[in-house]
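Q: Sharing upload_30.txt below, compact mmCIF, C-alpha atoms:
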# COMPACT_ATOMS: atom_id res chain seq x y z
CA MET W 1 35.21 -34.92 169.09
CA VAL W 2 35.30 -38.04 171.21
CA MET W 3 34.02 -41.40 170.10
CA LYS W 4 31.66 -43.13 172.51
CA GLU W 5 32.67 -46.71 173.26
CA GLU W 6 29.65 -47.77 175.32
CA ARG W 7 26.24 -48.30 173.78
CA ILE W 8 23.64 -45.68 174.63
CA TRP W 9 20.63 -47.87 175.34
CA ALA W 10 18.41 -44.81 175.69
CA PHE W 11 18.67 -44.38 171.92
CA ASP W 12 17.45 -47.92 171.30
CA ILE W 13 14.48 -47.37 173.61
CA LEU W 14 13.72 -44.06 171.91
CA ARG W 15 13.92 -45.63 168.44
CA ILE W 16 11.41 -48.32 169.38
CA ALA W 17 9.10 -45.81 171.07
CA SER W 18 9.35 -43.44 168.10
CA ALA W 19 8.57 -46.23 165.63
CA PHE W 20 5.42 -47.07 167.62
CA ALA W 21 4.53 -43.37 167.83
CA VAL W 22 4.88 -43.01 164.04
CA VAL W 23 2.43 -45.86 163.49
CA LEU W 24 -0.04 -44.45 166.03
CA LEU W 25 0.28 -40.98 164.46
CA HIS W 26 -0.59 -42.29 161.01
CA VAL W 27 -3.35 -44.56 162.29
CA SER W 28 -4.88 -41.56 164.07
CA ALA W 29 -4.54 -39.42 160.93
CA GLU W 30 -6.89 -41.70 158.99
CA TYR W 31 -10.34 -40.13 158.60
CA PHE W 32 -9.14 -37.19 160.70
CA ASP W 33 -10.97 -34.48 158.76
CA GLU W 34 -13.98 -36.67 157.97
CA SER W 35 -14.59 -37.35 161.67
CA PHE W 36 -14.62 -33.70 162.76
CA TYR W 37 -16.20 -32.91 165.27
CA SER W 38 -17.20 -36.21 166.87
CA SER W 39 -16.05 -38.47 169.69
CA GLU W 40 -13.97 -40.27 167.06
CA TRP W 41 -12.15 -37.03 166.20
CA VAL W 42 -11.48 -36.36 169.89
CA PHE W 43 -9.55 -39.63 170.16
CA ARG W 44 -7.77 -39.18 166.82
CA ASN W 45 -6.70 -35.67 167.73
CA PHE W 46 -5.47 -36.75 171.16
CA PHE W 47 -3.33 -39.64 169.93
CA GLY W 48 -2.07 -37.64 166.97
CA GLN W 49 -0.91 -34.73 169.08
CA MET W 50 0.62 -36.98 171.72
CA THR W 51 2.85 -38.71 169.15
CA ARG W 52 4.03 -35.82 167.00
CA TRP W 53 7.42 -35.92 168.73
CA CYS W 54 8.34 -39.14 166.91
CA VAL W 55 10.19 -37.68 163.91
CA PRO W 56 12.09 -35.01 165.90
CA VAL W 57 13.30 -37.75 168.28
CA PHE W 58 14.61 -39.78 165.34
CA ILE W 59 16.48 -36.68 164.15
CA MET W 60 17.98 -36.01 167.59
CA ILE W 61 19.26 -39.59 167.79
CA SER W 62 20.91 -39.26 164.37
CA GLY W 63 22.54 -35.98 165.36
CA ALA W 64 23.75 -37.35 168.69
CA LEU W 65 25.42 -40.30 166.96
CA PHE W 66 26.82 -38.72 163.81
CA LEU W 67 28.08 -35.48 165.32
CA GLN W 68 30.31 -37.42 167.72
CA ARG W 69 32.04 -39.17 164.83
CA ASP W 70 35.39 -37.89 163.60
CA ASP W 71 36.23 -40.79 161.30
CA ILE W 72 33.85 -40.04 158.42
CA THR W 73 35.32 -38.43 155.33
CA ILE W 74 33.08 -36.61 152.87
CA GLU W 75 33.64 -39.45 150.41
CA LYS W 76 32.56 -42.03 152.98
CA LEU W 77 29.62 -39.84 153.98
CA TYR W 78 28.22 -39.92 150.45
CA LYS W 79 29.19 -43.44 149.46
CA LYS W 80 28.05 -45.17 152.65
CA TYR W 81 25.45 -43.09 154.47
CA ILE W 82 23.77 -40.77 151.98
CA TRP W 83 23.70 -43.46 149.30
CA ARG W 84 22.14 -45.91 151.73
CA ILE W 85 19.29 -43.51 152.67
CA LEU W 86 18.79 -42.68 148.99
CA LEU W 87 18.61 -46.40 148.20
CA VAL W 88 16.00 -46.95 150.93
CA TYR W 89 13.97 -44.05 149.58
CA LEU W 90 14.08 -45.15 145.93
CA VAL W 91 13.31 -48.81 146.64
CA TRP W 92 10.35 -48.15 148.90
CA SER W 93 9.11 -45.23 146.87
CA ALA W 94 9.03 -47.59 143.87
CA VAL W 95 7.13 -50.16 145.94
CA TYR W 96 4.52 -47.63 146.97
CA ALA W 97 4.37 -46.20 143.45
CA SER W 98 3.41 -49.62 142.10
CA PHE W 99 0.25 -49.42 144.23
CA ARG W 100 -0.51 -45.79 143.32
CA ILE W 101 -0.15 -45.66 139.56
CA GLY W 102 -2.85 -46.56 137.07
CA SER W 103 -2.59 -49.13 134.31
CA ASN W 104 -2.11 -46.39 131.70
CA THR W 105 0.91 -44.83 133.42
CA ASN W 106 4.03 -44.87 131.24
CA LEU W 107 7.64 -45.25 132.41
CA LEU W 108 8.21 -41.50 132.67
CA GLY W 109 5.10 -41.14 134.80
CA PHE W 110 6.20 -43.99 137.05
CA ILE W 111 9.63 -42.39 137.54
CA GLY W 112 7.92 -39.12 138.45
CA VAL W 113 5.82 -40.86 141.10
CA VAL W 114 8.91 -42.60 142.48
CA ILE W 115 10.82 -39.34 142.75
CA SER W 116 7.95 -37.53 144.47
CA GLY W 117 7.47 -40.50 146.81
CA PRO W 118 4.72 -41.30 149.32
CA LEU W 119 4.06 -38.67 151.97
CA HIS W 120 5.56 -40.51 154.93
CA LEU W 121 8.95 -40.91 153.23
CA TRP W 122 9.54 -37.15 153.37
CA PHE W 123 11.62 -37.93 156.45
CA LEU W 124 14.23 -39.74 154.35
CA LYS W 125 14.56 -36.83 151.93
CA MET W 126 14.99 -34.43 154.83
CA LEU W 127 17.57 -36.77 156.41
CA ILE W 128 19.61 -36.78 153.21
CA GLY W 129 19.72 -32.98 153.41
CA LEU W 130 20.93 -33.09 157.01
CA TYR W 131 23.61 -35.64 156.13
CA MET W 132 24.83 -33.41 153.32
CA CYS W 133 25.31 -30.65 155.89
CA LEU W 134 27.26 -32.88 158.31
CA PRO W 135 30.69 -31.37 157.50
CA LEU W 136 29.28 -27.96 158.48
CA PHE W 137 27.69 -29.32 161.66
CA TRP W 138 30.99 -30.95 162.64
CA MET W 139 32.63 -27.54 162.51
CA ILE W 140 29.85 -26.04 164.64
CA VAL W 141 29.96 -28.64 167.44
CA LYS W 142 33.73 -28.36 167.88
CA ASP W 143 33.14 -25.20 169.92
CA LYS W 144 30.56 -25.38 172.71
CA LYS W 145 29.78 -21.66 172.51
CA VAL W 146 29.24 -21.83 168.76
CA GLU W 147 27.03 -24.90 169.22
CA ILE W 148 24.89 -23.11 171.83
CA TYR W 149 24.67 -20.08 169.55
CA PHE W 150 23.50 -22.28 166.67
CA ILE W 151 20.86 -23.99 168.85
CA PHE W 152 19.42 -20.68 170.01
CA LEU W 153 19.61 -19.16 166.53
CA SER W 154 17.90 -22.12 164.90
CA PHE W 155 15.22 -22.13 167.63
CA PHE W 156 14.61 -18.43 167.05
CA VAL W 157 14.47 -18.78 163.28
CA SER W 158 12.39 -21.96 163.12
CA VAL W 159 10.08 -21.47 166.13
CA VAL W 160 9.98 -17.91 167.43
CA VAL W 161 9.76 -16.18 164.05
CA PRO W 162 6.98 -18.45 162.67
CA LEU W 163 5.11 -18.13 165.98
CA PHE W 164 5.39 -14.34 165.78
CA MET W 165 4.07 -14.37 162.22
CA PHE W 166 1.25 -16.74 163.16
CA VAL W 167 0.14 -14.45 166.00
CA ILE W 168 0.31 -11.38 163.76
CA GLU W 169 -1.70 -13.12 161.05
CA LYS W 170 -4.44 -14.09 163.52
CA THR W 171 -4.64 -10.91 165.56
CA SER W 172 -3.62 -7.96 163.35
CA ASP W 173 -5.03 -6.12 160.37
CA ASN W 174 -3.57 -5.94 156.87
CA TYR W 175 -1.04 -3.32 157.94
CA PHE W 176 1.11 -6.08 159.42
CA GLN W 177 0.64 -8.45 156.48
CA ILE W 178 4.09 -7.45 155.25
CA PHE W 179 5.63 -9.58 158.01
CA THR W 180 3.76 -12.74 157.07
CA ASP W 181 4.43 -12.12 153.36
CA LEU W 182 8.14 -11.77 154.12
CA GLY W 183 8.15 -14.97 156.14
CA GLU W 184 6.35 -16.86 153.40
CA ARG W 185 8.88 -15.73 150.78
CA VAL W 186 12.02 -16.21 152.85
CA LYS W 187 10.87 -19.49 154.45
CA PHE W 188 12.72 -18.86 157.70
CA SER W 189 11.60 -22.09 159.35
CA MET W 190 12.74 -24.24 156.43
CA ALA W 191 16.33 -23.02 156.77
CA MET W 192 17.13 -24.41 160.20
CA GLY W 193 14.02 -26.18 161.46
CA TYR W 194 15.23 -29.77 161.58
CA SER W 195 18.91 -28.96 162.01
CA TYR W 196 17.92 -27.65 165.45
CA PHE W 197 16.95 -31.17 166.55
CA PHE W 198 20.04 -32.63 164.88
CA VAL W 199 22.50 -30.41 166.77
CA LEU W 200 20.48 -30.41 170.01
CA GLY W 201 20.69 -34.21 170.17
CA HIS W 202 24.47 -33.99 170.13
CA PHE W 203 24.59 -31.18 172.67
CA LEU W 204 22.42 -32.97 175.23
CA VAL W 205 24.58 -36.10 175.06
CA VAL W 206 27.98 -34.40 175.16
CA HIS W 207 26.88 -31.76 177.69
CA PRO W 208 24.23 -33.46 179.88
CA LEU W 209 21.90 -31.16 181.77
CA ASN W 210 22.12 -31.00 185.55
CA SER W 211 19.08 -31.81 187.68
CA ARG W 212 17.92 -28.19 187.80
CA TYR W 213 17.81 -27.78 184.03
CA ARG W 214 16.31 -31.25 183.58
CA LYS W 215 13.40 -30.25 185.83
CA MET W 216 12.91 -27.08 183.79
CA VAL W 217 12.79 -29.08 180.58
CA TYR W 218 10.30 -31.54 182.10
CA ILE W 219 8.04 -28.69 183.24
CA LEU W 220 8.14 -27.10 179.78
CA GLY W 221 7.37 -30.47 178.21
CA ILE W 222 4.39 -31.16 180.47
CA MET W 223 3.03 -27.64 179.99
CA SER W 224 3.40 -28.06 176.22
CA VAL W 225 1.32 -31.24 176.27
CA PHE W 226 -1.60 -29.44 177.92
CA LEU W 227 -1.27 -26.33 175.77
CA LEU W 228 -1.09 -28.33 172.55
CA LEU W 229 -4.31 -30.12 173.42
CA LEU W 230 -5.93 -26.91 174.65
CA PHE W 231 -5.25 -25.02 171.43
CA THR W 232 -6.78 -27.79 169.32
CA TYR W 233 -9.81 -28.71 171.43
CA ILE W 234 -11.02 -25.17 172.22
CA PRO W 235 -11.57 -24.23 168.53
CA ALA W 236 -13.27 -27.57 167.96
CA LEU W 237 -15.66 -26.91 170.84
CA GLN W 238 -16.54 -23.64 169.12
CA GLY W 239 -17.34 -25.47 165.90
CA TYR W 240 -14.38 -24.81 163.62
CA HIS W 241 -11.20 -26.65 162.73
CA PRO W 242 -8.04 -25.89 164.73
CA ASP W 243 -5.37 -24.07 162.77
CA GLY W 244 -2.89 -26.27 160.90
CA TYR W 245 -0.08 -24.52 162.74
CA TYR W 246 -0.77 -26.68 165.81
CA TYR W 247 -0.19 -29.84 163.79
CA SER W 248 3.31 -28.85 162.70
CA TYR W 249 6.54 -30.39 163.96
CA LYS W 250 7.90 -26.88 164.42
CA THR W 251 5.70 -25.46 167.15
CA PRO W 252 7.38 -24.63 170.47
CA PHE W 253 5.17 -27.30 172.05
CA ILE W 254 6.69 -30.13 169.99
CA TYR W 255 10.19 -28.77 170.57
CA PHE W 256 9.77 -28.84 174.35
CA ILE W 257 7.97 -32.21 174.41
CA THR W 258 10.70 -33.75 172.25
CA ALA W 259 13.49 -32.32 174.40
CA ALA W 260 11.79 -33.51 177.59
CA LEU W 261 11.38 -37.07 176.29
CA PHE W 262 14.98 -37.17 175.06
CA VAL W 263 16.37 -35.88 178.37
CA PHE W 264 14.14 -38.26 180.36
CA ALA W 265 15.30 -41.29 178.36
CA GLN W 266 18.90 -40.14 178.62
CA SER W 267 18.58 -39.93 182.41
CA HIS W 268 16.55 -43.09 183.07
CA CYS W 269 17.27 -45.57 180.27
CA MET W 270 21.06 -45.66 180.14
CA SER W 271 21.13 -49.38 180.92
CA ILE W 272 18.75 -52.31 180.54
CA ARG W 273 18.63 -55.84 181.89
CA GLN W 274 20.99 -58.30 180.25
CA ASN W 275 18.23 -60.72 179.25
CA LEU W 276 16.36 -57.96 177.38
CA ARG W 277 19.28 -56.63 175.37
CA ARG W 278 18.97 -58.95 172.36
CA ILE W 279 15.28 -58.13 171.99
CA VAL W 280 15.86 -54.40 172.34
CA LEU W 281 18.72 -54.50 169.84
CA PHE W 282 16.56 -56.34 167.31
CA LEU W 283 13.60 -53.99 167.70
CA SER W 284 15.86 -50.95 167.52
CA LYS W 285 17.69 -52.22 164.45
CA MET W 286 14.43 -52.91 162.62
CA SER W 287 12.81 -49.57 163.46
CA LEU W 288 13.73 -48.11 160.05
CA GLY W 289 11.93 -50.99 158.39
CA VAL W 290 8.83 -50.39 160.51
CA TYR W 291 8.89 -46.75 159.44
CA VAL W 292 9.00 -47.52 155.72
CA VAL W 293 6.63 -50.52 155.60
CA HIS W 294 3.86 -49.69 158.08
CA MET W 295 1.80 -47.69 155.59
CA LEU W 296 1.93 -50.65 153.20
CA VAL W 297 0.77 -52.94 156.01
CA MET W 298 -2.14 -50.60 156.69
CA TYR W 299 -3.03 -50.58 152.99
CA VAL W 300 -3.05 -54.39 152.83
CA PHE W 301 -5.22 -54.67 155.95
CA SER W 302 -7.70 -52.21 154.49
CA SER W 303 -7.82 -53.41 150.87
CA SER W 304 -7.55 -57.15 151.49
CA PHE W 305 -9.29 -57.66 154.82
CA GLY W 306 -11.48 -54.59 155.19
CA VAL W 307 -9.83 -53.69 158.48
CA ASP W 308 -8.75 -50.15 159.27
CA SER W 309 -8.76 -47.64 162.10
CA ARG W 310 -12.55 -47.31 161.91
CA THR W 311 -13.46 -50.98 162.26
CA PHE W 312 -14.34 -50.65 165.97
CA HIS W 313 -14.77 -47.87 168.52
CA PRO W 314 -11.76 -45.52 168.40
CA GLY W 315 -11.60 -45.32 172.19
CA TYR W 316 -9.87 -48.67 172.27
CA TRP W 317 -9.44 -49.71 168.64
CA LEU W 318 -6.92 -47.02 167.65
CA ILE W 319 -4.41 -48.42 170.15
CA ILE W 320 -5.20 -52.07 169.40
CA TYR W 321 -5.01 -51.51 165.63
CA THR W 322 -1.73 -49.63 166.07
CA ILE W 323 -0.28 -52.58 167.98
CA ILE W 324 -1.44 -54.96 165.24
CA VAL W 325 0.13 -52.80 162.51
CA PHE W 326 3.26 -52.28 164.59
CA VAL W 327 3.83 -55.98 165.23
CA SER W 328 2.93 -56.90 161.64
CA SER W 329 5.42 -54.31 160.36
CA TYR W 330 8.15 -55.89 162.48
CA VAL W 331 7.27 -59.32 161.07
CA VAL W 332 7.42 -58.01 157.50
CA THR W 333 10.66 -56.18 158.24
CA GLY W 334 12.19 -59.31 159.78
CA ILE W 335 11.31 -61.34 156.67
CA ILE W 336 12.72 -58.72 154.31
CA ALA W 337 15.90 -58.52 156.41
CA GLN W 338 16.57 -62.18 155.53
CA ILE W 339 16.75 -61.31 151.81
CA PRO W 340 20.38 -60.31 151.10
CA PHE W 341 19.79 -57.69 148.41
CA LEU W 342 16.92 -56.04 150.34
CA LYS W 343 18.35 -56.19 153.86
CA LYS W 344 19.92 -52.73 153.67
CA THR W 345 16.54 -51.18 152.84
CA VAL W 346 15.04 -52.03 156.23
CA CYS W 347 17.85 -52.17 158.80
Can you dump the structure from the file as structure tokens?
A:
Amino acid sequence: MVMKEERIWAFDILRIASAFAVVLLHVSAEYFDESFYSSEWVFRNFFGQMTRWCVPVFIMISGALFLQRDDITIEKLYKKYIWRILLVYLVWSAVYASFRIGSNTNLLGFIGVVISGPLHLWFLKMLIGLYMCLPLFWMIVKDKKVEIYFIFLSFFVSVVVPLFMFVIEKTSDNYFQIFTDLGERVKFSMAMGYSYFFVLGHFLVVHPLNSRYRKMVYILGIMSVFLLLLFTYIPALQGYHPDGYYYSYKTPFIYFITAALFVFAQSHCMSIRQNLRRIVLFLSKMSLGVYVVHMLVMYVFSSSFGVDSRTFHPGYWLIIYTIIVFVSSYVVTGIIAQIPFLKKTVC
């Protein structure tokens, strides 16, 4: 494996964009079910589906960076990287737990809430699992053919198989229920779902696609955008909720959209103007902090000021409110980053 000397600015741009997308996704998710089916729901569904690529992009960036490293021992992996993510998780889970628990909660109950964590921190727990598998991934990416095999296998297991089971469940009688029962017990998609993004990020950086394959990826990504919206709006027009399958990170639509965005950034954002680099570096560095604190910022706005995603018309307010939360999260993150013993929990 070869170490990359030059900075890949595309990753910084993608981090910032993904951090904004995470905030917009969670802002749009507020009152999602309660607003069905109304003009408000139409906007929430649109923005939510258009930003679901955010977490997979974060994973691809991590894979692209870590899988090129050949200087990390298993000891260093646990002591420096896994411990750091675990620390971020425990600290912020404890912060959120302090807002969630009741006055009668004892210490054991508080610890239980901390361990379970708030919903949006699931990403950190998943990332710890991927980091623990890094020594195995390093062996895989040493051989291009093995890496390609793993990418196709993980795509098949985490996308094709669940899609097959979903179609069977919706279109077939009980005779075929054995397939969906098997899938539910074996949990195919859980085995390799996010490792696909992790390894794919490395592959696309080390083996860049030529213009022909880039165009194919772009076409698949654009088609996926329209299909994802189509499969959620058509059921709504008929008066019933779209299936939860279409809101998963592991649909083929999200896979293709994510890959298209990653390839596009890789091809068009490899360098930025000199006078913008300090700002981009700062925003990129603080993106982890935005991820962990933005839900707290939203809670404070709602509980203290009575402002949330429903304050004004969603047609314009969802974006404006997202920008407010996004900027506020950066301010909070910047302040926390000045506190020595908390700095590592946000950047």
Q: Near region 66-73 of chain W, counting only C-alpha atoms, which residues have an atom at most 9 Å away, once you skip same-chain residues fewer than 2 positions from it, shown as a ChimeraX atom specification?
A: /W:1-4,61-64,75-78,131,134-135,137-138,141,198-199,201-202,206
Q: Report as an MDAnalysis selection string all protein, DNA and RNA residues lying within 12 Å of Asp33 (chain W), evaluated on only C-alpha atoms, omitting residues in the same chain fewer than 4 positions from it.
A: chainID W and resid 28:29 37:38 40:42 44:45 236 240:242 244
Q: Point out the residue among W:Val91, W:Val159, W:Ala19, W:Met295 with the least atom-to-atom distance to Phe197 (chain W), counting all atoms listed in the file.
A: W:Val159
Q: Give me, as a compact mmCIF listing (two decimals) with C-alpha atoms, keeping the file's coordinate frame, all polymer residues having an atom no more than 12 Å from Ile257 (chain W), counting all atoms listed in the file and skipping those fewer than 2 positions away in the same chain.
A:
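The resulting file, part02.txt, is reproduced below:
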# COMPACT_ATOMS: atom_id res chain seq x y z
CA GLN W 49 -0.91 -34.73 169.08
CA MET W 50 0.62 -36.98 171.72
CA THR W 51 2.85 -38.71 169.15
CA ARG W 52 4.03 -35.82 167.00
CA TRP W 53 7.42 -35.92 168.73
CA CYS W 54 8.34 -39.14 166.91
CA PRO W 56 12.09 -35.01 165.90
CA VAL W 57 13.30 -37.75 168.28
CA PHE W 197 16.95 -31.17 166.55
CA MET W 216 12.91 -27.08 183.79
CA VAL W 217 12.79 -29.08 180.58
CA TYR W 218 10.30 -31.54 182.10
CA ILE W 219 8.04 -28.69 183.24
CA LEU W 220 8.14 -27.10 179.78
CA GLY W 221 7.37 -30.47 178.21
CA ILE W 222 4.39 -31.16 180.47
CA MET W 223 3.03 -27.64 179.99
CA SER W 224 3.40 -28.06 176.22
CA VAL W 225 1.32 -31.24 176.27
CA PHE W 226 -1.60 -29.44 177.92
CA LEU W 227 -1.27 -26.33 175.77
CA LEU W 228 -1.09 -28.33 172.55
CA TYR W 249 6.54 -30.39 163.96
CA LYS W 250 7.90 -26.88 164.42
CA THR W 251 5.70 -25.46 167.15
CA PRO W 252 7.38 -24.63 170.47
CA PHE W 253 5.17 -27.30 172.05
CA ILE W 254 6.69 -30.13 169.99
CA TYR W 255 10.19 -28.77 170.57
CA ALA W 259 13.49 -32.32 174.40
CA ALA W 260 11.79 -33.51 177.59
CA LEU W 261 11.38 -37.07 176.29
CA PHE W 262 14.98 -37.17 175.06
CA VAL W 263 16.37 -35.88 178.37
CA PHE W 264 14.14 -38.26 180.36
Q: Name all residues at most 12 Å from Arg277 (chain W) (count only C-alpha atoms; drop same-chain ones fewer than 5 positions away) and give them as a list in words.
A: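 Result of the neighbour search: Arg7, Ile8, Trp9, Ala10, Asp12, Ile13, Ser271, Ile272, Phe282, Leu283, Ser284 and Lys285 of chain W.
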Q: Here is a test: counting only C-alpha atoms, which residue of W:Ala265, W:Ile59, W:Leu153, W:Ala17 is nearest to Pro208 (chain W)?
A: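 Counting only C-alpha atoms, the residue closest to Pro208 (chain W) is W:Ala265.
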Q: At what distance in Å, to one decimal, does CA of Pro162 (chain W) lie from CA of Tyr213 (chain W)?
A: 25.7 Å
Q: Show me, as AutoDock Vina command-line options, the centre and edge lengths in Å to one decimal of the axis-aligned box that covers every listed atom of region 279-294 of chain W with 5 Å on each side.
A:
--center_x 11.3 --center_y -52.4 --center_z 164.0 --size_x 24.9 --size_y 21.4 --size_z 26.7
Q: How many Å lie between CA of Phe301 (chain W) and CA of Asn104 (chain W), rounded to one decimal?
A: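 Here the two named atoms are 25.8 Å from each other.
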Q: Would you work out the distance separating CA of Leu107 (chain W) from CA of Ser93 (chain W), expressed in Å to one decimal?
A: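 Straight-line distance from CA of Leu107 (chain W) to CA of Ser93 (chain W) works out to 14.5 Å.
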